Amino acid sequence: MKTSRTWTLLGASLLSLAGALLLPGCVREVQPTPANSENATAFIGVNVVPMDAERVLEDHTVIVRNGLITSLGPSATITVPADAERIDGKGRYLMPGLADFHVHLHSEEQLLSYLAHGVTSLFELDGSREHLELGVQLKGNSALGPTLYTSSPLLDGGPPGGKVVSVRTPEQARVAVVKQKNAGYEALKVYDNITPEVYATLVAMARQQRIPVVGHVPRTVGVEAVLRSRQALISHGEEYFHSGARDEAGIAGLARATKEAGTSVVPDLVHIDTALRMLTDLEGVFADPEARYLSPEVIRNWRFSNPTRRVDVAAYAERERAAYPFVQHLTLALQKEGVRLLLGSNASDAGLFPGKSTQLELAELVKAGLSPYEALSAGTRNAGSFITEHVDSAARFGTVAVGQRADLLLLPGNPLEDVSQANRALGVMVRGQWLPREWLQKKREKTAEAFSKR
Ligand SMILES: [Zn+2]
């Protein structure tokens, strides 16, 4: 299900709003630190949840400068620089920002919703030139939002149409791989209808061009062959189910094969759960308080493109109801086998609110049987190691340690005891810029107000 791109110029007005809020006279605590400032920020006396192992470092001080964590240690041993903005961490917890590695960003103001829900890195899995441009702006802090990684548009075996790149012959696949790589995309997104012959060429060419293959399991290729090809990422747990592996007894074998392949998996349980909820209560799902932060264009697209509009709605419902427990059991088996699981929501496809669905997926992982540490790992350290291995070997994020990108959440409670703490950030730091919760909320209200007038 795809909604059309509705890029707006709202981003520009949000940036000028950021400038306005920096004027003197505002309450100091609710101001963000300026982007790209060379001044330090210090989290003082905080309980650090570093996510390098299941542990809490009590009463530590963390210093951030130029977008990086520059020092970290027991508070008594750390000298806070004179120029530092001091943030009181006493009794609070500091964890890495979350990564949602299956998104479809449909307009720029969605970035704010991700930040408000503690998400500081995104992987767009159906990229466009706009996403690439936005990614550069975000990296340089000339736009405000999570760091954005972007895959190619969908590569699929049907006739050309829309923004799908048609790969029906091995030659077309060879050309497409080089073209997408040169355009600046960080991964190739494969879709349902690629033939085994084309898939084999595509994977070989991608390896030669050093670009990871991510996405679906092409139906006629099947999950076993995709794993033998060592596809970097399967972007829905459901893909195992849809490509025919529906027998619970086969789950252990699939998990072992996935581990052996080194393939990472986004379970994306929230996608199935939301589809099922839409089938029984579409208006209830759409009436979410988060709806006011979505552009009217996205909401309009959701009305036209949601499960209730499918011609095969009854068969679809039956299939999704069977897929949900299967993917839950598969997720737990993959975790036990040591497969790298990644947190991903598929927002903003219908019913999936940016940021909120990331948090819902975190809860889904716990419901599937993962410990809070394992679920949080999918959204932090695993995302960092996936990028380092497949996309950018110089990237450092997903843990709290010296040298890491300063993407941080200051929380009122311990997320290792209750993952919902990760949705209660008192402030979010993205690439070293500190954004207090009140400020983020005010900014979102401005967006909602602007949308309500459209
Ligand atoms: Zn998707």
# chains A, B, ... in the order shown; residues from 1 in each chain; ligands from 1
$ residues_near_ligand --ligand "ligand 1" --cutoff "9 Å" --atoms "only C-alpha atoms and all ligand atoms" --output "ChimeraX atom specification"
/A:1-2,102-104,124-126,215-216,235-236,345-349
$ atom_distance --atom1 "atom CA of A:Ala406" --atom2 "atom CA of A:Val430"
6.3 Å
$ residues_around --residues "A:Lys356" --least-positions-apart "2" --cutoff "10 Å" --atoms "only C-alpha atoms" --output "VMD selection string"
chain A and resid 113 to 114 116 to 119 290 345 347 352 to 354 358 to 362 423
$ residues_around --residues "stretch 240-251 of chain A" --least-positions-apart "4" --cutoff "10 Å" --atoms "only C-alpha atoms" --output "number ranges by chain"
A: 192, 216-224, 234, 236, 255-257, 319-320, 322-327, 329-334
$ closest_residue --among "A:Ser166, A:Thr274, A:Thr79, A:Gln31" --to "A:Lys442" --atoms "only C-alpha atoms"
A:Gln31
$ select_by_dssp --residues "stretch 333-366 of chain A" --states "alpha helix (DSSP H)" --output "number ranges by chain"
A: 333-337, 356-366
$ write_last_selection --atoms "N, CA, C and O atoms" --output "short mmCIF file (atom, residue, chain, number, x, y, z; two decimals), in the first residue's frame"
data_model
loop_
_atom_site.label_atom_id
_atom_site.label_comp_id
_atom_site.auth_asym_id
_atom_site.auth_seq_id
_atom_site.Cartn_x
_atom_site.Cartn_y
_atom_site.Cartn_z
N ALA A 333 12.00 -16.56 17.95
CA ALA A 333 12.98 -17.57 17.52
C ALA A 333 14.21 -16.89 16.91
O ALA A 333 15.35 -17.32 17.15
N LEU A 334 14.00 -15.85 16.14
CA LEU A 334 15.12 -15.12 15.53
C LEU A 334 15.99 -14.50 16.63
O LEU A 334 17.22 -14.56 16.59
N GLN A 335 15.33 -13.93 17.63
CA GLN A 335 16.08 -13.33 18.75
C GLN A 335 16.91 -14.39 19.46
O GLN A 335 18.09 -14.20 19.74
N LYS A 336 16.30 -15.54 19.73
CA LYS A 336 17.00 -16.62 20.46
C LYS A 336 18.19 -17.15 19.66
O LYS A 336 19.20 -17.57 20.22
N GLU A 337 18.04 -17.09 18.35
CA GLU A 337 19.09 -17.60 17.46
C GLU A 337 20.23 -16.59 17.30
O GLU A 337 21.29 -16.90 16.77
N LYS A 356 4.78 7.33 16.96
CA LYS A 356 3.91 6.56 17.86
C LYS A 356 3.98 5.08 17.49
O LYS A 356 4.06 4.21 18.37
N SER A 357 3.96 4.77 16.18
CA SER A 357 4.02 3.35 15.80
C SER A 357 5.38 2.75 16.09
O SER A 357 5.49 1.54 16.30
N THR A 358 6.42 3.58 16.09
CA THR A 358 7.74 3.07 16.49
C THR A 358 7.67 2.58 17.94
O THR A 358 8.16 1.49 18.27
N GLN A 359 7.03 3.40 18.78
CA GLN A 359 6.89 3.03 20.19
C GLN A 359 5.98 1.81 20.36
O GLN A 359 6.24 0.95 21.19
N LEU A 360 4.93 1.74 19.54
CA LEU A 360 4.04 0.58 19.61
C LEU A 360 4.78 -0.70 19.21
O LEU A 360 4.57 -1.77 19.79
N GLU A 361 5.67 -0.58 18.22
CA GLU A 361 6.44 -1.75 17.79
C GLU A 361 7.38 -2.22 18.91
O GLU A 361 7.58 -3.42 19.11
N LEU A 362 7.95 -1.27 19.63
CA LEU A 362 8.80 -1.62 20.78
C LEU A 362 7.99 -2.48 21.76
O LEU A 362 8.46 -3.52 22.24
N ALA A 363 6.76 -2.04 22.02
CA ALA A 363 5.88 -2.81 22.93
C ALA A 363 5.54 -4.17 22.31
O ALA A 363 5.44 -5.18 23.03
N GLU A 364 5.35 -4.21 20.98
CA GLU A 364 5.05 -5.49 20.30
C GLU A 364 6.20 -6.48 20.47
O GLU A 364 5.97 -7.68 20.64
N LEU A 365 7.43 -5.99 20.42
CA LEU A 365 8.58 -6.89 20.56
C LEU A 365 8.60 -7.53 21.95
O LEU A 365 8.91 -8.71 22.10
N VAL A 366 8.24 -6.73 22.95
CA VAL A 366 8.17 -7.27 24.32
C VAL A 366 7.03 -8.28 24.42
O VAL A 366 7.18 -9.36 25.01
#
$ closest_residue --among "A:Met51, A:Val226, A:Val419, A:Val136" --to "A:Ala200" --atoms "only C-alpha atoms"
A:Val226
$ select_by_dssp --residues "stretch 147-345 of chain A" --states "strand (DSSP E)" --output "PyMOL selection string"
chain A and resi 147-156+165-166+187-190+213-215+233-234+264-265
$ write_last_selection --atoms "C-alpha atoms" --output "mmCIF file, in the first residue's frame"
data_model
loop_
_atom_site.group_PDB
_atom_site.id
_atom_site.type_symbol
_atom_site.label_atom_id
_atom_site.label_comp_id
_atom_site.auth_asym_id
_atom_site.auth_seq_id
_atom_site.Cartn_x
_atom_site.Cartn_y
_atom_site.Cartn_z
ATOM 1 C CA THR A 147 19.314 11.296 10.717
ATOM 2 C CA LEU A 148 17.856 9.834 7.523
ATOM 3 C CA TYR A 149 19.141 6.838 5.557
ATOM 4 C CA THR A 150 17.412 6.178 2.244
ATOM 5 C CA SER A 151 16.935 3.130 0.022
ATOM 6 C CA SER A 152 16.251 3.220 -3.702
ATOM 7 C CA PRO A 153 12.678 3.325 -4.974
ATOM 8 C CA LEU A 154 11.086 -0.131 -5.247
ATOM 9 C CA LEU A 155 12.773 -2.402 -7.767
ATOM 10 C CA ASP A 156 10.086 -4.717 -9.109
ATOM 11 C CA VAL A 165 11.957 0.882 -11.145
ATOM 12 C CA SER A 166 11.126 -1.978 -13.482
ATOM 13 C CA ALA A 187 20.432 0.390 -0.239
ATOM 14 C CA LEU A 188 18.447 -1.340 -2.998
ATOM 15 C CA LYS A 189 14.837 -2.064 -2.122
ATOM 16 C CA VAL A 190 13.554 -5.256 -3.748
ATOM 17 C CA VAL A 213 19.898 -5.351 -0.784
ATOM 18 C CA VAL A 214 16.932 -4.784 1.541
ATOM 19 C CA GLY A 215 13.179 -5.235 1.413
ATOM 20 C CA LEU A 233 17.617 -7.069 5.441
ATOM 21 C CA ILE A 234 14.108 -8.525 5.284
ATOM 22 C CA SER A 264 18.784 -8.736 9.614
ATOM 23 C CA VAL A 265 15.016 -8.664 10.108
#
$ residues_around --residues "A:Trp302" --least-positions-apart "5" --cutoff "9 Å" --atoms "only C-alpha atoms" --output "list of chain:residue names"
A:Thr3, A:Phe286, A:Glu297, A:Asp349, A:Ala350, A:Gly351
$ atom_distance --atom1 "atom CA of A:Val402" --atom2 "atom CA of A:Ser71"
5.5 Å
$ atom_distance --atom1 "atom CA of A:Ala401" --atom2 "atom CA of A:Gly135"
24.3 Å
$ residues_around --residues "A:Leu376" --least-positions-apart "6" --cutoff "12 Å" --atoms "only C-alpha atoms" --output "ChimeraX atom specification"
/A:49-54,95-100,119,341-344,358-359,361-366,370,382-383,398-399,414-423
$ residues_around --residues "A:Glu389" --least-positions-apart "5" --cutoff "10 Å" --atoms "only C-alpha atoms" --output "NGL selection string"
:A and (212 or 232 or 383-384 or 394-395)
$ write_last_selection --atoms "N, CA and C atoms" --output "PDB file, in the first residue's frame"
ATOM      1  N   PRO A 212      23.915  -2.596  -0.130  1.00  0.00           N
ATOM      2  CA  PRO A 212      23.117  -3.699   0.435  1.00  0.00           C
ATOM      3  C   PRO A 212      21.748  -3.835  -0.236  1.00  0.00           C
ATOM      4  N   ALA A 232      20.720  -8.340   2.839  1.00  0.00           N
ATOM      5  CA  ALA A 232      21.108  -7.687   4.102  1.00  0.00           C
ATOM      6  C   ALA A 232      19.952  -7.575   5.087  1.00  0.00           C
ATOM      7  N   ALA A 383      20.645  -1.140  15.174  1.00  0.00           N
ATOM      8  CA  ALA A 383      20.547  -0.217  14.035  1.00  0.00           C
ATOM      9  C   ALA A 383      21.930   0.369  13.740  1.00  0.00           C
ATOM     10  N   GLY A 384      22.638   0.738  14.804  1.00  0.00           N
ATOM     11  CA  GLY A 384      23.989   1.277  14.625  1.00  0.00           C
ATOM     12  C   GLY A 384      24.905   0.272  13.955  1.00  0.00           C
ATOM     13  N   ALA A 394      31.908   4.403   8.948  1.00  0.00           N
ATOM     14  CA  ALA A 394      32.344   5.441   9.895  1.00  0.00           C
ATOM     15  C   ALA A 394      31.215   5.863  10.840  1.00  0.00           C
ATOM     16  N   ALA A 395      29.986   5.408  10.587  1.00  0.00           N
ATOM     17  CA  ALA A 395      28.850   5.823  11.430  1.00  0.00           C
ATOM     18  C   ALA A 395      29.007   5.239  12.833  1.00  0.00           C
TER      19      ALA A 395
END
$ closest_residue --among "A:Gly413, A:Thr77, A:Met429, A:Lys443" --to "A:Arg65" --atoms "only C-alpha atoms"
A:Met429
$ decode --residues "stretch 138-155 of chain A" --atoms "N, CA, C and O atoms" --output "JSON list (two decimals), in the first residue's frame"
[["chain", "number", "residue", "atom", "x", "y", "z"],
["A", 138, "LEU", "N", 19.58, 17.24, 6.80],
["A", 138, "LEU", "CA", 19.52, 16.79, 8.20],
["A", 138, "LEU", "C", 20.92, 16.55, 8.74],
["A", 138, "LEU", "O", 21.24, 16.95, 9.86],
["A", 139, "LYS", "N", 21.73, 15.91, 7.94],
["A", 139, "LYS", "CA", 23.10, 15.61, 8.37],
["A", 139, "LYS", "C", 23.86, 16.89, 8.72],
["A", 139, "LYS", "O", 24.62, 16.93, 9.67],
["A", 140, "GLY", "N", 23.62, 17.95, 7.94],
["A", 140, "GLY", "CA", 24.30, 19.23, 8.18],
["A", 140, "GLY", "C", 23.55, 20.13, 9.14],
["A", 140, "GLY", "O", 23.93, 21.28, 9.34],
["A", 141, "ASN", "N", 22.46, 19.62, 9.72],
["A", 141, "ASN", "CA", 21.62, 20.38, 10.65],
["A", 141, "ASN", "C", 21.02, 21.63, 10.03],
["A", 141, "ASN", "O", 20.69, 22.57, 10.74],
["A", 142, "SER", "N", 20.84, 21.66, 8.72],
["A", 142, "SER", "CA", 20.09, 22.77, 8.14],
["A", 142, "SER", "C", 18.60, 22.42, 8.08],
["A", 142, "SER", "O", 17.77, 23.24, 7.71],
["A", 143, "ALA", "N", 18.25, 21.20, 8.44],
["A", 143, "ALA", "CA", 16.86, 20.83, 8.71],
["A", 143, "ALA", "C", 16.86, 20.12, 10.05],
["A", 143, "ALA", "O", 17.89, 19.59, 10.47],
["A", 144, "LEU", "N", 15.71, 20.14, 10.73],
["A", 144, "LEU", "CA", 15.63, 19.54, 12.05],
["A", 144, "LEU", "C", 14.90, 18.21, 11.96],
["A", 144, "LEU", "O", 13.77, 18.16, 11.46],
["A", 145, "GLY", "N", 15.55, 17.16, 12.44],
["A", 145, "GLY", "CA", 14.88, 15.85, 12.44],
["A", 145, "GLY", "C", 15.90, 14.76, 12.65],
["A", 145, "GLY", "O", 17.10, 15.01, 12.77],
["A", 146, "PRO", "N", 15.41, 13.51, 12.66],
["A", 146, "PRO", "CA", 16.32, 12.38, 12.80],
["A", 146, "PRO", "C", 17.29, 12.29, 11.63],
["A", 146, "PRO", "O", 17.01, 12.81, 10.55],
["A", 147, "THR", "N", 18.40, 11.61, 11.82],
["A", 147, "THR", "CA", 19.31, 11.30, 10.72],
["A", 147, "THR", "C", 18.58, 10.33, 9.79],
["A", 147, "THR", "O", 17.93, 9.39, 10.24],
["A", 148, "LEU", "N", 18.67, 10.59, 8.48],
["A", 148, "LEU", "CA", 17.86, 9.83, 7.52],
["A", 148, "LEU", "C", 18.72, 9.03, 6.57],
["A", 148, "LEU", "O", 19.56, 9.59, 5.85],
["A", 149, "TYR", "N", 18.53, 7.71, 6.56],
["A", 149, "TYR", "CA", 19.14, 6.84, 5.56],
["A", 149, "TYR", "C", 18.04, 6.50, 4.54],
["A", 149, "TYR", "O", 16.87, 6.41, 4.91],
["A", 150, "THR", "N", 18.42, 6.30, 3.30],
["A", 150, "THR", "CA", 17.41, 6.18, 2.24],
["A", 150, "THR", "C", 17.74, 5.06, 1.26],
["A", 150, "THR", "O", 18.83, 5.02, 0.71],
["A", 151, "SER", "N", 16.78, 4.17, 1.05],
["A", 151, "SER", "CA", 16.94, 3.13, 0.02],
["A", 151, "SER", "C", 16.46, 3.66, -1.33],
["A", 151, "SER", "O", 15.82, 4.70, -1.40],
["A", 152, "SER", "N", 16.75, 2.90, -2.36],
["A", 152, "SER", "CA", 16.25, 3.22, -3.70],
["A", 152, "SER", "C", 14.72, 3.15, -3.71],
["A", 152, "SER", "O", 14.12, 2.61, -2.79],
["A", 153, "PRO", "N", 14.10, 3.64, -4.78],
["A", 153, "PRO", "CA", 12.68, 3.32, -4.97],
["A", 153, "PRO", "C", 12.53, 1.81, -5.11],
["A", 153, "PRO", "O", 13.53, 1.09, -5.22],
["A", 154, "LEU", "N", 11.30, 1.31, -5.11],
["A", 154, "LEU", "CA", 11.09, -0.13, -5.25],
["A", 154, "LEU", "C", 11.61, -0.62, -6.59],
["A", 154, "LEU", "O", 11.32, -0.03, -7.62],
["A", 155, "LEU", "N", 12.38, -1.70, -6.55],
["A", 155, "LEU", "CA", 12.77, -2.40, -7.77],
["A", 155, "LEU", "C", 11.82, -3.59, -7.89],
["A", 155, "LEU", "O", 11.75, -4.43, -6.99]]
